[in-house]
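Below is one structure, written out as structure tokens; the observations come after it.
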Amino acid sequence: MASDLKAPFWSTLSADLSRFTEHERGVRALVRGMLSQGFHAILVYRIFRWCFERGIPTQPFRFLVERMIEVMTGISIPVQARIGKGFRIHHFGGIMIHPDAIVGEGCTLYHGVTLGDRGGWGGAPLIGNEVMIGAGAKVLGAIIIGDRSSIGANAVVVTSIPPDSMAVGVPATVKPKTAHQQNELRA
């Protein structure tokens, strides 16, 4: 899980960048990733999170930059959210993260994902390490998503999910991952 310690900027950003070369090695994959809207949103979050953790005032500049990123990319990552290193937004657009959400290390979000509360109450989710959340999925409330779990596209998750599980459907039902699925994700 993401820790309460102040994150070192360069090693965290380096871990985010390394996610672009996991499946395709080389400079081309890295440059393509660096030019993606998802990375731009992550970069802005990392810069302002670093300042936030150290008590460096950045308002109103932060507000303007965050709004510009939100309009340009459709991604809202408030500086109060805690996101571990190796974070990847695979496709941009429609991603909303609650300020109280905690996201572990090595997680991947696809477009249209919401990590939020239940309409002003119910808290925000805690996402474990190496979790993949599919396109259009909604993870709502003070729930825990276990390490190495996968949330299927368009799933609505309102209950905690154990580690190494898969949640699919509306409302989401939980299924254990098969050995083949677990190995496929690690490859």
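Ordering of the structure tokens sets the chain letters (A, B, ...); residue numbers start at 1 within each chain; ligands are numbered from 1 in the order shown.
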
**Message:** Let's see if you can do this: from backbone DSSP, list all strand (DSSP E) residues in region 44-89 of chain A, as a PyMOL selection string.
**Reply:** chain A and resi 75-76+82-83+88-89

Written selection (C-alpha atoms) as an mmCIF file, in the first residue's frame:
```cif
data_model
loop_
_atom_site.group_PDB
_atom_site.id
_atom_site.type_symbol
_atom_site.label_atom_id
_atom_site.label_comp_id
_atom_site.auth_asym_id
_atom_site.auth_seq_id
_atom_site.Cartn_x
_atom_site.Cartn_y
_atom_site.Cartn_z
ATOM 1 C CA ILE A 75 -8.215 13.133 -15.560
ATOM 2 C CA SER A 76 -8.656 14.471 -12.031
ATOM 3 C CA ARG A 82 -1.939 8.999 -2.007
ATOM 4 C CA ILE A 83 -0.626 7.066 -4.996
ATOM 5 C CA ARG A 88 0.010 3.962 -14.914
ATOM 6 C CA ILE A 89 -3.006 5.424 -16.621
#
```

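Between CA of Ala124 (chain A) and CA of Arg49 (chain A) the separation is 18.3 Å.
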
Give me, as JSON lines, each residue of region 101-130 of chain A that comes within 10 Å of region 13-20 of chain A, together with its shortest interatomic pair and the distance in Å at one decimal, counting only C-alpha atoms, with rows ordered by chain and rising residue number.
```
{"residue": "A:Glu105", "atom": "CA", "partner": "A:Ala15", "partner_atom": "CA", "distance": 9.2}
{"residue": "A:Gly106", "atom": "CA", "partner": "A:Arg19", "partner_atom": "CA", "distance": 8.0}
{"residue": "A:Cys107", "atom": "CA", "partner": "A:Arg19", "partner_atom": "CA", "distance": 9.7}
{"residue": "A:Thr108", "atom": "CA", "partner": "A:Arg19", "partner_atom": "CA", "distance": 9.3}
```

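Interatomic distance, CA of Arg54 (chain A) against CA of Ile69 (chain A): 22.4 Å.
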
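Closest to Leu43 (chain A) among A:Thr21, A:Thr58, A:Ser165, A:Thr12 is A:Thr12, based on only C-alpha atoms.
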
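Shortest separation to Val131 (chain A) among A:His111, A:Lys6, A:Arg148, A:Arg118 occurs at residue A:Arg148, atoms counted being only C-alpha atoms.
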
**Prompt:** Residues at most 7 Å from region 32-38 of chain A, counting only C-alpha atoms, excluding those fewer than 4 positions away in the same chain, as number ranges by chain?
**Reply:** A: 20, 28, 42, 73, 89-92

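Among the candidates A:Ile102, A:Gly93, A:Gly120, A:Gly55, the one nearest to Pro78 (chain A) when counting only C-alpha atoms is A:Ile102.
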